[in-house]
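Visitor: Following this message is one structure expressed as structure tokens.
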Amino acid sequence: MTLKHPACVASTPLAAPAASIRYDYSQLGEHSQASADLAEEVALAIAYNGISQAVMLVSPTDLDDFIVGFSIGSGIIASPNEIYDVSFSGSGSAIHADVQIANRAFWNLKTQRRQLAGTSGCGLCGVEAVEQALPELQVLPGAPLPPPQWLDGLRQRISAFQPLGQHCGAVHAALYMNARGELLLGREDIGRHNALDKLIGALLRQDIALAGGLAIVTSRCSLELIQKVLRAGIQTLVSLSSPTGLALQWARRHRLNLIHLPHHSAPRVYSPAQENCP
């Protein structure tokens with residue numbers, strides 16, 4: 001079935017495991033016992049047009065969003081319209097996702113796989129693998145920085161979008177703030193990059209306007225997060241933890257606004273668009 005709209009990702013229903021399960025524990029040095037809810041994770045095996053591509057450890061929530069966001073953020077597809085169908089199977093801690101994609105995207109994916117086939121013993125393939133880790137991405141047109149008041153009390157406000165994190169911890173969150181400074185939606189996952197993939201997938205599937213908005217991640221900001229928002233076309237990224245040096249370099253090179261929100265000081269603008277390198 002061909003998709004007519006990013007929000008129409010067809011998916012076989014899946015009885016996914018619970019996001020959290022209660023487990024018993026005992027106090028060290030004591031005889032008392034209690035229980036606590038712990039975040040669950042599953043192994044999600046992803047295949048494109050029948051060829052296995054990756055196995056990701058993810059929280060078993062919003063998997064449709066994750067497939068779209070992962071496919072965009074990994075450069076496998078250029079648009080959600082290139083996903084024709086998604087079917088899930090499996091149970092317990094092992095889930096399989098069979099993703100049907102357009103021929104153009106599948107050809108590019110097979111080309112990448114051939115380039116990576118000999119990385120363990122071939123210098124040339126190693127160079128190609130590095131090029132895939134550091135791809136040529138489109139430079140953003142540049143966007144104004146958000147008003148400072150948009151970030152006032154942000155750490156406290158985002159808790160409403162972290163129900164799993166508030167309930168049992170152990171998960172990261174990625175959120176989206178629209179062009180009016182309103183927190184619109186959020187996604188959670190045990191993996192920080194997975195949470196961002198889910199957020200990007202949700203934005204694209206719901207056809208939410210990205211102009212003037214910003215993504216917020218609760219984790220440290222490393223290069224792969226920069227690459228994901230660049231591919232999605234989000235022009236401002238706010239991180240609750242520090243960026244790495246390489247992430248900062250890429251943000252400046254690609255005209256991405258990069259802001260770190262420390263615990264007890266004013267937001268730090270590491271990459272204002274108007275001062276980025278060409």
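A note on labels: chains of the structure tokens are A, B, ... as shown, every chain counts residues from 1, and ligands are counted from 1 in their shown order.
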Give me, as a PyMOL selection string, the residues of region 49-167 of chain A that a backbone DSSP run labels strand (DSSP E or B).
Guide: chain A and resi 51-58+83-91+94-101
Visitor: Can you list, as a PyMOL selection string, every protein, DNA or RNA residue that comes within 8 Å of region 58-66 of chain A when you count only C-alpha atoms, leaving out same-chain residues fewer than 2 positions away?
Guide: chain A and resi 9+11+16-19+39-44+56+68-70+86+187-191+194-195+197-202+205
Visitor: I need the residues from that last selection saved to file as a PDB file, in the first residue's frame (with C-alpha atoms), if you can.
Guide:
```pdb
ATOM      1  CA  VAL A   9       2.002   5.086   7.931  1.00  0.00           C
ATOM      2  CA  SER A  11       1.213  -0.577  10.512  1.00  0.00           C
ATOM      3  CA  ALA A  16       3.795  -4.250  22.637  1.00  0.00           C
ATOM      4  CA  PRO A  17       5.175  -4.931  26.115  1.00  0.00           C
ATOM      5  CA  ALA A  18       4.356  -2.493  28.881  1.00  0.00           C
ATOM      6  CA  ALA A  19       6.541   0.588  29.135  1.00  0.00           C
ATOM      7  CA  ALA A  39      11.450   1.072  32.550  1.00  0.00           C
ATOM      8  CA  GLU A  40      11.323  -1.772  30.049  1.00  0.00           C
ATOM      9  CA  GLU A  41      13.348  -2.142  26.862  1.00  0.00           C
ATOM     10  CA  VAL A  42      13.000  -4.433  23.869  1.00  0.00           C
ATOM     11  CA  ALA A  43      15.217  -5.440  20.980  1.00  0.00           C
ATOM     12  CA  LEU A  44      13.668  -4.039  17.806  1.00  0.00           C
ATOM     13  CA  MET A  56      17.933  -1.231  18.331  1.00  0.00           C
ATOM     14  CA  VAL A  68       9.796   7.095  10.643  1.00  0.00           C
ATOM     15  CA  GLY A  69      12.233   9.170  12.700  1.00  0.00           C
ATOM     16  CA  PHE A  70      14.976   6.530  12.604  1.00  0.00           C
ATOM     17  CA  VAL A  86       5.326  -1.030   8.299  1.00  0.00           C
ATOM     18  CA  ARG A 187       8.553  11.384  23.293  1.00  0.00           C
ATOM     19  CA  GLU A 188      10.532   9.206  25.721  1.00  0.00           C
ATOM     20  CA  ASP A 189      12.967   6.330  25.347  1.00  0.00           C
ATOM     21  CA  ILE A 190      15.818   4.609  27.117  1.00  0.00           C
ATOM     22  CA  GLY A 191      18.057   5.875  24.309  1.00  0.00           C
ATOM     23  CA  ASN A 194      15.757   6.982  20.069  1.00  0.00           C
ATOM     24  CA  ALA A 195      13.716   9.621  21.884  1.00  0.00           C
ATOM     25  CA  ASP A 197      13.866   9.755  16.445  1.00  0.00           C
ATOM     26  CA  LYS A 198      10.416   9.242  17.961  1.00  0.00           C
ATOM     27  CA  LEU A 199       9.882  12.994  18.246  1.00  0.00           C
ATOM     28  CA  ILE A 200      10.918  13.625  14.637  1.00  0.00           C
ATOM     29  CA  GLY A 201       8.707  10.782  13.471  1.00  0.00           C
ATOM     30  CA  ALA A 202       5.734  12.165  15.382  1.00  0.00           C
ATOM     31  CA  ARG A 205       3.523  11.956  10.754  1.00  0.00           C
TER      32      ARG A 205
END
```
Visitor: Residues within 6 Å of region 238-255 of chain A, please, as a PyMOL selection string. Count only C-alpha atoms; anything in the same chain fewer than 4 positions from it doesn't count.
Guide: chain A and resi 139-140+142+216-223+259-261+271+273+276-277
Visitor: Excluding same-chain residues fewer than 2 positions from Gly75 (chain A), what lies within 12 Å of it counting only C-alpha atoms, as a PyMOL selection string?
Guide: chain A and resi 68-73+77-80+82+105-106+108-109+112+132-137+197+224+227-232
Visitor: Next, dump the selected residues to file, keeping only C-alpha atoms, as a JSON list (two decimals), in the first residue's frame.
Guide:
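Generated output (out22.json):
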```json
[["chain", "number", "residue", "atom", "x", "y", "z"],
["A", 68, "VAL", "CA", 9.80, 7.10, 10.64],
["A", 69, "GLY", "CA", 12.23, 9.17, 12.70],
["A", 70, "PHE", "CA", 14.98, 6.53, 12.60],
["A", 71, "SER", "CA", 14.63, 6.16, 8.83],
["A", 72, "ILE", "CA", 14.83, 9.94, 8.31],
["A", 73, "GLY", "CA", 17.55, 10.54, 10.91],
["A", 77, "ILE", "CA", 14.77, 7.89, 3.37],
["A", 78, "ALA", "CA", 14.46, 11.55, 2.45],
["A", 79, "SER", "CA", 10.73, 11.85, 3.16],
["A", 80, "PRO", "CA", 8.12, 9.87, 5.11],
["A", 82, "GLU", "CA", 9.08, 6.88, 0.90],
["A", 105, "ALA", "CA", 15.64, 4.69, -1.06],
["A", 106, "PHE", "CA", 16.25, 0.95, -1.11],
["A", 108, "ASN", "CA", 20.74, 3.91, -1.81],
["A", 109, "LEU", "CA", 20.53, 1.69, 1.27],
["A", 112, "GLN", "CA", 25.68, 1.96, 1.65],
["A", 132, "GLN", "CA", 28.95, 7.84, 6.26],
["A", 133, "ALA", "CA", 29.55, 8.75, 9.90],
["A", 134, "LEU", "CA", 30.40, 12.31, 8.82],
["A", 135, "PRO", "CA", 28.08, 12.81, 5.83],
["A", 136, "GLU", "CA", 27.62, 15.89, 3.71],
["A", 137, "LEU", "CA", 24.39, 17.45, 4.95],
["A", 197, "ASP", "CA", 13.87, 9.76, 16.44],
["A", 224, "GLU", "CA", 24.32, 12.07, 15.98],
["A", 227, "GLN", "CA", 22.71, 15.13, 12.30],
["A", 228, "LYS", "CA", 19.16, 14.00, 13.06],
["A", 229, "VAL", "CA", 17.74, 17.51, 13.50],
["A", 230, "LEU", "CA", 19.60, 18.72, 10.41],
["A", 231, "ARG", "CA", 18.04, 15.96, 8.31],
["A", 232, "ALA", "CA", 14.62, 16.76, 9.75]]
```
Visitor: Any idea what the distance is between CA of Leu38 (chain A) and CA of Leu57 (chain A)?
Guide: 15.3 Å
Visitor: Do you have the CA of Leu164 (chain A)-CA of Pro148 (chain A) distance handy?
Guide: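 Between CA of Leu164 (chain A) and CA of Pro148 (chain A) the gap works out to 28.2 Å.
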Visitor: Which one is closest to Ala54 (chain A): A:Ser74, A:Asn103, A:Gln166, A:Asn81? Count only C-alpha atoms.
Guide: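 The closest residue to Ala54 (chain A) is A:Ser74.
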Visitor: Have a look at A:Leu185, A:Arg192, A:Ile67, A:Ile76 and name the one nearest to Ala170 (chain A); count only C-alpha atoms.
Guide: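 Of all the options, A:Arg192 lies closest to Ala170 (chain A).
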Visitor: Within region 158-261 of chain A, find each residue whose DSSP state, derived from the backbone, is helix (DSSP H, G or I), and express the selection as a ChimeraX atom specification.
Guide: /A:158-161,163-168,192-205,223-232,245-253
Visitor: Counting only C-alpha atoms, which residue out of A:Ser26, A:Val55, A:Gly165, A:Asn49 sits closest to Arg104 (chain A)?
Guide: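 Closest candidate: A:Asn49.
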Visitor: May I have the residues within 6 Å of Asn178 (chain A) as a list of chain:residue names, using only C-alpha atoms and disregarding those fewer than 3 positions away in the same chain?
Guide: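 In the requested form, the answer reads A:Gly181, A:Glu182, A:Gly213.
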Visitor: Between A:Ala36, A:Ile51, A:Ala45, A:Leu237, which one has atoms that come closest to Phe88 (chain A), using only C-alpha atoms?
Guide: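 The closest residue to Phe88 (chain A) is A:Ala45.
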Visitor: From the list A:Pro141, A:Ala174, A:Leu214, A:Asp207, which residue is nearest Ile158 (chain A) when using only C-alpha atoms?
Guide: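 Of all the options, A:Ala174 lies closest to Ile158 (chain A).
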Visitor: By how many Å are CA of Ala47 (chain A) and CA of Leu225 (chain A) apart?
Guide: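 Going from CA of Ala47 (chain A) over to CA of Leu225 (chain A) covers 22.5 Å.
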